[in-house]
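*Asks:* Dropping the structure in here first, questions after.
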There are 2 protein chains.
Amino acid sequence: MSGIQEIARATGLSKSTVSRALRNLPSVAPATIMTVRRAADELGYVPSLAASGLATGRNHAVGVVVPVIDRWFYIQTIEGIDAELRREGYDLILFNLAGRTGNRERVFHRSILRKRVDALVLLSLVFDDSEREQLELSEYPTVVIGGRAPGVRHIGIDDFDVAQRATRYLLGLGHRRIAHIGGLDEAGMNFLVPGERHDGYTEALKSAGLPLVTDWSRNGAYTFAGGHSSMRSILGSGDVPTAVFCASDEMAFGAMQAIREAGLSVPGDISVIGIDGHVYGETLGLTTFAQDPRAQGTRATRVLLGELAGQPPQPWFEPEPVTFIDRGSAGPVAS
Amino acid sequence: MSGIQEIARATGLSKSTVSRALRNLPSVAPATIMTVRRAADELGYVPSLAASGLATGRNHAVGVVVPVIDRWFYIQTIEGIDAELRREGYDLILFNLAGRTGNRERVFHRSILRKRVDALVLLSLVFDDSEREQLELSEYPTVVIGGRAPGVRHIGIDDFDVAQRATRYLLGLGHRRIAHIGGLDEAGMNFLVPGERHDGYTEALKSAGLPLVTDWSRNGAYTFAGGHSSMRSILGSGDVPTAVFCASDEMAFGAMQAIREAGLSVPGDISVIGIDGHVYGETLGLTTFAQDPRAQGTRATRVLLGELAGQPPQPWFEPEPVTFIDRGSAGPVAS
DNA sequence: GTGAAAGCGCTAACAG
DNA sequence: CTGTTAGCGCTTTCAC
């Protein structure tokens, strides 16, 4: 089962020349390259990344750490990362923390650091001091995608701003009774994101001179089911709002479902607006502020790979763009 | 920036003893093990998988190849695989074909074979001869999860049977006008799955003595949007069925949405049934035949890891179980 | 129980 | 342009 050695023997060249030829180094005669390639094909040569990694210190792999996989945002981001990685011939090693704390320790203190990756993409994670220290120690180029992560550069939208805009949009439609479904994601998501989105909502209401109805701020756990049950309990509380701003599209879908189950209409009785740009929104007609996690993944990856290639590190990133998409789920308040 | 060498120096032991101690080999004195461990911790030792991989031929990584990531089934399966892999200290290398044919070639003829993984899990893939040959050549323990894949052992539900049961369930409720939303997934999914599910539907109708209305078999592309538009066009065709069997829950969700948009009710006017066990189904009240992709992922992984550990290969697998869950979206035909 | 030496498959100076 | 010589960091006989 071949190695570079066999090719050397077969072609009568030396190991090093074969190695160079295989990597298309300019110092090799074109003819030689051809010869080597042919031989490699014939022998069914398969390079060993372990070996070349050992020799160069480059693993041609990037680690991607996610709190959970099962969320639209993460999946899209992973696809973006993956696309760029493949393009450059890198492998993607997936580390799923899966909400398991033990796993987390293992990832940060062991797996990741097993010199298997050249760089790290962290999805919506926040770290404690020891983890941050590990990250710095490891000296990998690192980027966080999603929520802000103190101490590590990050790529993402301006959560506070988007939430504020979404809320203001509802205000602009005349709504004065606006609920918010957001909340912590116990699965281990960046806990700064929900907070900032909630703050944006609060700030918008405040600057419009409106009171904050605590009963209208619900924890939807960033899931479809959570959005559904949150909306249901808001509806059941007697004091029903005319609009609801959901911190994620998935929760908004749940909310819409609950509203319709209650025999009410969207936006006739209650307006709904979300954040994300989830595909389902097209079919369900959800008005939302869309972000492009795929692009974020690609951008982050490109930066990392660039740095591995010797480009100067980019210390921080502009907030990612957000696009308002009106699909009719938010309308003027009923008079 | 240690290696095993530094530990050796620090403890006054030899490289080999340190290596053994680190791996808890029985031939090492307990006291030595302690010493070595302590030194390793202090020096912040991080093992190099590349090096040990080179020496042993074991990479402690498993490759997971998916046609696309963005589907409930794949995500769940990946989570199952991941959980088992982490438990055993293996890494998960994700190969996303992303519907790109070029990528596919690269994966099968290069990446995967770069001796970076010890085993392979292929999600719902079907191979051509050359790919199958590559797989065999690579000699990795391999399992396909999802649809049947000629030439490679696979873990999955009995698609034909489930489809038949689902259709029969509708028949049992008195339905005689049953549509089917299934269809090819152009994204590169196992093309045998849609076919088998369609066949199950057909067979059930046939054995009930019912005619096949070709206009009632639609291609929903296995997506929410596809299910929605398929249902819409069925509704618009004038000849409306009393029930629809969807080959996946996501399509069923789309169908339900379309039905309600048309001012009809589920199951009052039209009954809907799906396959999968997607979480959304709980909230949306979808009657379905649930499978457990997570468990499938875990099982497949356990088998692979077992074989790597020397257990005899398991040549084939029983069909995975399926659980009928009645959530009320399918009811008796209106009389 | 522990050490010495060889080697996994590749790359990287340094010569030529 | 190509060959020689050392390793990369770990595991593994084979001795002691």
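Chain labels A, B, ... are given in the sequence in which chains occur in the structure tokens; within each chain residues are numbered consecutively from 1, and ligands are likewise numbered from 1 in the order shown.
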Hey, list the chain A side of the contact with chain B: 7 Å cut-off, only C-alpha atoms, answer as a PyMOL selection string.
*Replies:* chain A and resi 46-51+53-54+69-70+75+91-94+113-116+224-225+280+283
*Asks:* Skip A:Asn219 itself and residues of its chain fewer than 2 positions away, then list as a ChimeraX atom specification all residues within 12 Å of it, counting only C-alpha atoms (C1' of nucleotides).
*Replies:* /A:179-186,194-195,198,214-217,221-234,246-248,251,255
*Asks:* Store the residues of this selection in a file with N, CA and C atoms, as a JSON list (two decimals), in the first residue's frame.
*Replies:*
```json
[["chain", "number", "residue", "atom", "x", "y", "z"],
["A", 179, "ALA", "N", -45.10, 42.38, 22.64],
["A", 179, "ALA", "CA", -44.47, 41.36, 23.49],
["A", 179, "ALA", "C", -43.14, 40.92, 22.88],
["A", 180, "HIS", "N", -42.34, 40.23, 23.68],
["A", 180, "HIS", "CA", -41.05, 39.73, 23.19],
["A", 180, "HIS", "C", -40.85, 38.28, 23.60],
["A", 181, "ILE", "N", -40.56, 37.46, 22.61],
["A", 181, "ILE", "CA", -40.21, 36.07, 22.94],
["A", 181, "ILE", "C", -38.75, 35.89, 22.61],
["A", 182, "GLY", "N", -37.98, 35.60, 23.63],
["A", 182, "GLY", "CA", -36.54, 35.43, 23.42],
["A", 182, "GLY", "C", -36.06, 34.40, 24.41],
["A", 183, "GLY", "N", -35.15, 34.79, 25.25],
["A", 183, "GLY", "CA", -34.82, 33.90, 26.34],
["A", 183, "GLY", "C", -33.58, 33.09, 26.18],
["A", 184, "LEU", "N", -33.16, 32.57, 27.27],
["A", 184, "LEU", "CA", -31.94, 31.78, 27.27],
["A", 184, "LEU", "C", -32.14, 30.46, 26.55],
["A", 185, "ASP", "N", -31.09, 30.04, 25.94],
["A", 185, "ASP", "CA", -31.11, 28.72, 25.32],
["A", 185, "ASP", "C", -30.28, 27.83, 26.22],
["A", 186, "GLU", "N", -30.96, 27.03, 26.95],
["A", 186, "GLU", "CA", -30.26, 26.22, 27.93],
["A", 186, "GLU", "C", -29.27, 25.25, 27.29],
["A", 194, "PRO", "N", -29.19, 36.46, 23.51],
["A", 194, "PRO", "CA", -30.55, 36.72, 23.98],
["A", 194, "PRO", "C", -30.62, 38.03, 24.75],
["A", 195, "GLY", "N", -29.62, 38.27, 25.56],
["A", 195, "GLY", "CA", -29.60, 39.48, 26.36],
["A", 195, "GLY", "C", -29.59, 40.72, 25.48],
["A", 198, "HIS", "N", -32.82, 41.24, 23.74],
["A", 198, "HIS", "CA", -33.83, 41.70, 24.68],
["A", 198, "HIS", "C", -33.60, 43.18, 25.00],
["A", 214, "THR", "N", -43.70, 43.27, 32.04],
["A", 214, "THR", "CA", -42.84, 42.10, 32.28],
["A", 214, "THR", "C", -43.49, 40.80, 31.83],
["A", 215, "ASP", "N", -44.80, 40.78, 31.91],
["A", 215, "ASP", "CA", -45.49, 39.56, 31.53],
["A", 215, "ASP", "C", -45.40, 39.30, 30.03],
["A", 216, "TRP", "N", -44.93, 40.26, 29.30],
["A", 216, "TRP", "CA", -44.83, 40.10, 27.85],
["A", 216, "TRP", "C", -43.43, 39.70, 27.39],
["A", 217, "SER", "N", -42.54, 39.50, 28.32],
["A", 217, "SER", "CA", -41.21, 39.01, 27.96],
["A", 217, "SER", "C", -41.13, 37.55, 28.32],
["A", 221, "ALA", "N", -36.72, 29.79, 24.62],
["A", 221, "ALA", "CA", -35.62, 28.83, 24.51],
["A", 221, "ALA", "C", -35.06, 28.71, 23.09],
["A", 222, "TYR", "N", -35.40, 29.67, 22.25],
["A", 222, "TYR", "CA", -34.91, 29.66, 20.87],
["A", 222, "TYR", "C", -35.31, 28.43, 20.08],
["A", 223, "THR", "N", -36.45, 27.87, 20.46],
["A", 223, "THR", "CA", -36.94, 26.72, 19.69],
["A", 223, "THR", "C", -38.36, 26.97, 19.21],
["A", 224, "PHE", "N", -38.76, 26.18, 18.25],
["A", 224, "PHE", "CA", -40.11, 26.24, 17.71],
["A", 224, "PHE", "C", -41.13, 25.97, 18.82],
["A", 225, "ALA", "N", -40.91, 24.90, 19.53],
["A", 225, "ALA", "CA", -41.83, 24.52, 20.59],
["A", 225, "ALA", "C", -41.87, 25.60, 21.68],
["A", 226, "GLY", "N", -40.70, 26.17, 21.96],
["A", 226, "GLY", "CA", -40.64, 27.21, 22.98],
["A", 226, "GLY", "C", -41.42, 28.45, 22.56],
["A", 227, "GLY", "N", -41.29, 28.82, 21.29],
["A", 227, "GLY", "CA", -42.02, 29.98, 20.80],
["A", 227, "GLY", "C", -43.51, 29.73, 20.89],
["A", 228, "HIS", "N", -43.87, 28.53, 20.55],
["A", 228, "HIS", "CA", -45.28, 28.14, 20.58],
["A", 228, "HIS", "C", -45.86, 28.25, 21.98],
["A", 229, "SER", "N", -45.18, 27.64, 22.93],
["A", 229, "SER", "CA", -45.75, 27.64, 24.28],
["A", 229, "SER", "C", -45.68, 29.02, 24.91],
["A", 230, "SER", "N", -44.65, 29.79, 24.58],
["A", 230, "SER", "CA", -44.58, 31.15, 25.11],
["A", 230, "SER", "C", -45.77, 31.97, 24.62],
["A", 231, "MET", "N", -46.04, 31.87, 23.35],
["A", 231, "MET", "CA", -47.12, 32.65, 22.77],
["A", 231, "MET", "C", -48.44, 32.21, 23.38],
["A", 232, "ARG", "N", -48.55, 30.93, 23.55],
["A", 232, "ARG", "CA", -49.77, 30.40, 24.13],
["A", 232, "ARG", "C", -50.02, 30.96, 25.52],
["A", 233, "SER", "N", -48.95, 31.03, 26.28],
["A", 233, "SER", "CA", -49.19, 31.51, 27.64],
["A", 233, "SER", "C", -49.44, 33.01, 27.63],
["A", 234, "ILE", "N", -48.86, 33.71, 26.68],
["A", 234, "ILE", "CA", -49.15, 35.15, 26.58],
["A", 234, "ILE", "C", -50.64, 35.32, 26.24],
["A", 246, "CYS", "N", -40.11, 38.32, 17.98],
["A", 246, "CYS", "CA", -39.43, 37.08, 18.37],
["A", 246, "CYS", "C", -37.96, 37.17, 18.04],
["A", 247, "ALA", "N", -37.13, 36.76, 18.97],
["A", 247, "ALA", "CA", -35.70, 36.89, 18.78],
["A", 247, "ALA", "C", -35.12, 35.90, 17.78],
["A", 248, "SER", "N", -35.93, 34.97, 17.32],
["A", 248, "SER", "CA", -35.48, 34.07, 16.25],
["A", 248, "SER", "C", -36.69, 33.64, 15.44],
["A", 251, "MET", "N", -38.72, 30.60, 16.74],
["A", 251, "MET", "CA", -39.69, 30.93, 17.79],
["A", 251, "MET", "C", -40.89, 31.65, 17.18],
["A", 255, "ALA", "N", -44.81, 30.90, 17.48],
["A", 255, "ALA", "CA", -45.77, 31.91, 17.93],
["A", 255, "ALA", "C", -46.93, 32.03, 16.95]]
```
*Asks:* Can I get the residues of chain C within 7 Å of chain A, each with the closest pair of atoms and their distance in Å to one decimal, using only C-alpha atoms (C1' of nucleotides), sorted chain first then ascending number, as CSV?
*Replies:*
```
residue,atom,partner,partner_atom,distance
C:DG9,C1',A:Ala51,CA,5.0
C:DC10,C1',A:Ser52,CA,4.7
C:DT11,C1',A:Ala55,CA,5.4
```
*Asks:* Counting only C-alpha atoms (C1' of nucleotides), which residues of chain D sit at most 8 Å from some atom of chain A, and what is each one's closest atom pair with its distance in Å to one decimal, listed by chain and rising residue number, as JSON lines?
*Replies:*
```
{"residue": "D:DC1", "atom": "C1'", "partner": "A:Val28", "partner_atom": "CA", "distance": 6.0}
{"residue": "D:DT2", "atom": "C1'", "partner": "A:Thr17", "partner_atom": "CA", "distance": 6.5}
{"residue": "D:DG3", "atom": "C1'", "partner": "A:Ser14", "partner_atom": "CA", "distance": 6.3}
{"residue": "D:DC8", "atom": "C1'", "partner": "A:Ala55", "partner_atom": "CA", "distance": 4.4}
{"residue": "D:DG9", "atom": "C1'", "partner": "A:Leu54", "partner_atom": "CA", "distance": 7.5}
```
*Asks:* Excluding same-chain residues fewer than 6 positions from stretch 309-318 of chain B, what lies within 7 Å of it counting only C-alpha atoms (C1' of nucleotides), as an MDAnalysis selection string?
*Replies:* chainID B and resid 153:155
*Asks:* Apply DSSP to the backbone of this structure and, from stretch 64-218 of chain B, keep only the residues in helix (DSSP H, G or I); write these as a PyMOL selection string.
*Replies:* chain B and resi 72-87+101-109+111-113+129-138+159-172+192-207+214-216
*Asks:* Write the selection just made, keeping C-alpha atoms, as a CSV table (one decimal), in the first residue's frame?
*Replies:*
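Result written to out_13.csv:
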```
chain,number,residue,atom,x,y,z
B,72,TRP,CA,-33.5,16.8,9.9
B,73,PHE,CA,-32.5,13.3,9.4
B,74,TYR,CA,-28.8,14.0,8.8
B,75,ILE,CA,-28.5,16.3,11.7
B,76,GLN,CA,-30.0,13.9,14.1
B,77,THR,CA,-27.9,11.1,12.8
B,78,ILE,CA,-24.7,13.2,13.0
B,79,GLU,CA,-25.6,14.0,16.6
B,80,GLY,CA,-25.9,10.3,17.4
B,81,ILE,CA,-22.6,9.5,15.7
B,82,ASP,CA,-20.9,12.4,17.4
B,83,ALA,CA,-22.1,11.4,20.9
B,84,GLU,CA,-20.7,7.9,20.5
B,85,LEU,CA,-17.5,9.1,18.9
B,86,ARG,CA,-16.7,11.6,21.7
B,87,ARG,CA,-17.4,9.0,24.3
B,101,THR,CA,-20.7,16.6,-7.9
B,102,GLY,CA,-17.2,17.8,-8.1
B,103,ASN,CA,-16.9,17.6,-4.4
B,104,ARG,CA,-18.1,14.1,-4.5
B,105,GLU,CA,-15.2,13.1,-6.7
B,106,ARG,CA,-12.8,14.8,-4.5
B,107,VAL,CA,-14.2,13.1,-1.4
B,108,PHE,CA,-14.1,9.6,-2.7
B,109,HIS,CA,-10.9,9.8,-4.6
B,111,SER,CA,-10.0,13.5,1.0
B,112,ILE,CA,-11.5,10.4,2.5
B,113,LEU,CA,-8.6,8.4,1.5
B,129,ASP,CA,-19.0,1.4,-9.4
B,130,SER,CA,-15.9,3.4,-9.2
B,131,GLU,CA,-16.9,4.9,-5.8
B,132,ARG,CA,-17.7,1.5,-4.5
B,133,GLU,CA,-14.4,0.3,-5.6
B,134,GLN,CA,-12.6,3.1,-3.9
B,135,LEU,CA,-14.5,2.3,-0.7
B,136,GLU,CA,-13.5,-1.3,-0.9
B,137,LEU,CA,-9.9,-0.4,-1.7
B,138,SER,CA,-9.7,1.9,1.2
B,159,ASP,CA,-38.8,2.2,3.8
B,160,PHE,CA,-41.1,0.1,1.7
B,161,ASP,CA,-42.8,-1.3,4.8
B,162,VAL,CA,-43.2,2.0,6.6
B,163,ALA,CA,-44.8,3.6,3.5
B,164,GLN,CA,-47.1,0.7,3.2
B,165,ARG,CA,-48.1,0.9,6.8
B,166,ALA,CA,-48.7,4.6,6.6
B,167,THR,CA,-50.9,4.2,3.6
B,168,ARG,CA,-52.8,1.3,5.1
B,169,TYR,CA,-53.4,3.4,8.1
B,170,LEU,CA,-55.2,5.9,6.0
B,171,LEU,CA,-57.0,3.1,4.2
B,172,GLY,CA,-58.1,1.8,7.6
B,192,LEU,CA,-33.7,4.6,-3.4
B,193,VAL,CA,-35.5,5.9,-0.4
B,194,PRO,CA,-38.1,8.0,-2.3
B,195,GLY,CA,-38.7,5.1,-4.7
B,196,GLU,CA,-39.2,2.6,-1.9
B,197,ARG,CA,-41.6,4.8,-0.1
B,198,HIS,CA,-43.5,5.4,-3.2
B,199,ASP,CA,-43.6,1.7,-3.9
B,200,GLY,CA,-45.0,1.1,-0.5
B,201,TYR,CA,-47.7,3.6,-1.1
B,202,THR,CA,-48.5,2.1,-4.5
B,203,GLU,CA,-48.5,-1.4,-3.2
B,204,ALA,CA,-50.9,-0.6,-0.4
B,205,LEU,CA,-53.3,1.0,-2.8
B,206,LYS,CA,-53.1,-1.8,-5.2
B,207,SER,CA,-53.7,-4.5,-2.7
B,214,THR,CA,-51.0,9.8,-11.2
B,215,ASP,CA,-51.9,13.3,-10.5
B,216,TRP,CA,-51.8,12.6,-6.8
```
*Asks:* Report as a PyMOL selection string all protein, DNA and RNA residues lying within 12 Å of C:DA6, evaluated on only C-alpha atoms (C1' of nucleotides), omitting residues in the same chain fewer than 3 positions from it.
*Replies:* (chain B and resi 55) or (chain D and resi 11-14)
*Asks:* Could you tell me how far atom CA of A:Gly236 lies from atom CA of A:Gly328, in Å and to one decimal?
*Replies:*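 Distance between the two atoms: 24.6 Å.
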*Asks:* Using DSSP secondary structure from the backbone, list all strand (DSSP E or B) positions within stretch 29-119 of chain A, as a PyMOL selection string.
*Replies:* chain A and resi 61-66+91-96+119
*Asks:* Using only C-alpha atoms, which of B:Gln291, B:Thr35, B:Thr301, B:Ser329 sits nearest B:Asp269?
*Replies:*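 Looking only at the distances to B:Asp269, the closest residue turns out to be B:Ser329.
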